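Step one of this worksheet: look at the structure below.
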Amino acid sequence: MRSDRSQSAPRGLKIAAAAGLAFLHLPILLIFVYAFTTEEKSYQWPPPGLTTQWFAATWARPDVWQALGLSVQVAAISTAIALVLGTLCAAAVSQTRFFGREAISLLVILPIALPGIITGIALRSAFSLAEIPFSFWTIVLGHATFCVVVVYNNAVARFRRTSGSLIEASMDLGADGFQTFRHVILPNIGTALLAGGMLAFALSFDEVIVTTFTAGQQQTLPIWMLEELVRPRQRPVTNVVAMVVVLATLLPILAAYYLTREGDQIAGAGK
């Protein structure tokens, strides 16, 4: 007897799915097209011509490299902080029982559920009250607030799928805490941490709102793009950078998806 799952989807559903995908991705494809346009000042459709000169122009812009380097540094350090704190929180919540455990889990997840502007205003107020000057590190701390959530959600899902008897057996056989972590826990949660780290890096790399409130005079790549859209020097250069950002963000997200493709291990992956 033929299963219902093997039946083809209705044509209307297929059309609706295709329309939804087009609505989501056609604007991104336009960015790719305008990265090759010969028109420097405006967005014409169709483009009057196509050229690759803007890639060389982008390569020669020192402000692009400076913003890119800052974004990579911020994302890398924020991800490292998130991996440590997110893993520790996940281990505490999933492996032990204590009063207020569910409340703590909710508080850890809350930053990713709040609008970015709320998080940004709260962080800016906190830094101002503490008289902390806005700098590279305030950007890192701001990004770490939501990067921790991504790592935590991936790690806690994997911890809950890992049998506690494995840890108990390791300790009974004479392994200390570090050996148990290295040989038992880490192999079981390693791919979840890698996926969480990739997602955290991607989120930090293209963050705009929180960065706007926590940065001083520094410009990450998304902030640089925003400034270029307001006061453009060479519009196609902005589109070239946007295309690179799309590809740089897409690759770790795809890698994270394939590492934890079961789906239940990437809870709260989007922001």
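Please note that chains go A, B, ... in the order of the structure tokens, that every chain numbers its residues from 1, and that ligands are numbered from 1 in the order shown.
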
Check your understanding: If you run DSSP on this backbone, which residues of segment 15-258 of chain A come out as helix (DSSP H, G or I), and could you give them as number ranges by chain?
Key -> A: 15-34, 53-59, 62-95, 101-113, 116-129, 136-161, 164-172, 177-205, 209-214, 221-230, 235-258

**Study point:** Contacts of Gly116 of chain A at 7 Å (only C-alpha atoms; same-chain gap of 2+ positions) as a list in words
**Key:**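 Non-adjacent residues within range: Leu114, Ile118, Thr119, Gly120, Ile209 and Val210 of chain A.
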
Point to revise | Test item: residues at most 6 Å from segment 215-226 of chain A, only C-alpha atoms, excluding those fewer than 6 positions along its chain, as a PyMOL selection string | key: chain A and resi 67-68+70-71+134-135+139+206+208

Practice item. Find the distance between atom CA of Glu131 of chain A and atom CA of Thr212 of chain A and write it in Å to one decimal. Key: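 For atom CA of Glu131 of chain A relative to atom CA of Thr212 of chain A, the distance reads 17.9 Å.
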
Practice item. Could you check how far atom CA of Ala56 of chain A sits from atom CA of Ala75 of chain A, in Å to one decimal? Key: 25.8 Å

**Study point:** Polymer residues at most 12 Å from segment 102-112 of chain A, only C-alpha atoms, same-chain spacing of 4 or more positions, as a VMD selection string
**Key:** chain A and resid 82 85 to 94 96 to 98 116 to 120 122 to 123 142 to 154 156 200 203 210 267 to 271

Restricting it to C-alpha atoms, dump the selection as a PDB file, in the first residue's frame.
ATOM      1  CA  ALA A  82      30.290  31.947  23.651  1.00  0.00           C
ATOM      2  CA  LEU A  85      30.139  30.137  28.585  1.00  0.00           C
ATOM      3  CA  GLY A  86      27.504  28.380  26.455  1.00  0.00           C
ATOM      4  CA  THR A  87      29.023  24.946  27.056  1.00  0.00           C
ATOM      5  CA  LEU A  88      29.326  25.508  30.800  1.00  0.00           C
ATOM      6  CA  CYS A  89      25.715  26.722  31.049  1.00  0.00           C
ATOM      7  CA  ALA A  90      24.479  23.785  28.985  1.00  0.00           C
ATOM      8  CA  ALA A  91      26.377  21.295  31.150  1.00  0.00           C
ATOM      9  CA  ALA A  92      25.009  22.818  34.353  1.00  0.00           C
ATOM     10  CA  VAL A  93      21.404  22.898  33.149  1.00  0.00           C
ATOM     11  CA  SER A  94      21.320  19.489  31.493  1.00  0.00           C
ATOM     12  CA  THR A  96      22.360  18.654  37.261  1.00  0.00           C
ATOM     13  CA  ARG A  97      19.121  19.405  39.065  1.00  0.00           C
ATOM     14  CA  PHE A  98      18.754  22.505  41.226  1.00  0.00           C
ATOM     15  CA  GLY A 116      18.219  43.804  18.826  1.00  0.00           C
ATOM     16  CA  ILE A 117      17.449  47.448  19.565  1.00  0.00           C
ATOM     17  CA  ILE A 118      16.362  46.544  23.122  1.00  0.00           C
ATOM     18  CA  THR A 119      19.581  44.625  23.685  1.00  0.00           C
ATOM     19  CA  GLY A 120      21.599  47.486  22.214  1.00  0.00           C
ATOM     20  CA  ALA A 122      20.359  48.012  27.513  1.00  0.00           C
ATOM     21  CA  LEU A 123      24.049  47.397  26.828  1.00  0.00           C
ATOM     22  CA  GLY A 142      27.547  42.960  22.992  1.00  0.00           C
ATOM     23  CA  HIS A 143      27.922  40.220  20.395  1.00  0.00           C
ATOM     24  CA  ALA A 144      28.700  37.597  23.016  1.00  0.00           C
ATOM     25  CA  THR A 145      25.257  38.105  24.592  1.00  0.00           C
ATOM     26  CA  PHE A 146      23.480  36.444  21.671  1.00  0.00           C
ATOM     27  CA  CYS A 147      26.348  34.188  20.558  1.00  0.00           C
ATOM     28  CA  VAL A 148      26.181  32.425  23.942  1.00  0.00           C
ATOM     29  CA  VAL A 149      22.538  31.563  23.271  1.00  0.00           C
ATOM     30  CA  VAL A 150      23.313  29.866  19.957  1.00  0.00           C
ATOM     31  CA  VAL A 151      26.077  27.727  21.447  1.00  0.00           C
ATOM     32  CA  TYR A 152      23.971  26.965  24.535  1.00  0.00           C
ATOM     33  CA  ASN A 153      20.987  25.767  22.512  1.00  0.00           C
ATOM     34  CA  ASN A 154      23.114  23.427  20.407  1.00  0.00           C
ATOM     35  CA  VAL A 156      22.156  21.562  25.701  1.00  0.00           C
ATOM     36  CA  ALA A 200      27.620  32.284  16.367  1.00  0.00           C
ATOM     37  CA  LEU A 203      25.576  36.017  13.476  1.00  0.00           C
ATOM     38  CA  VAL A 210      23.739  45.839  18.644  1.00  0.00           C
ATOM     39  CA  ALA A 267      17.180  24.856  18.513  1.00  0.00           C
ATOM     40  CA  GLY A 268      17.070  28.613  18.241  1.00  0.00           C
ATOM     41  CA  ALA A 269      19.670  28.790  15.469  1.00  0.00           C
ATOM     42  CA  GLY A 270      18.136  31.888  13.879  1.00  0.00           C
ATOM     43  CA  LYS A 271      18.065  35.367  15.299  1.00  0.00           C
TER      44      LYS A 271
END

Point to revise | Pick from A:Ala16, A:Ile253, A:Gln53, A:Leu21 nearest to Ala195 of chain A, counting only C-alpha atoms | key: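 Using only C-alpha atoms, the shortest distance to Ala195 of chain A belongs to A:Ile253.
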
Review point. In Å, how far is it from atom CA of Pro236 of chain A to atom CA of Glu207 of chain A?
Key: 21.5 Å
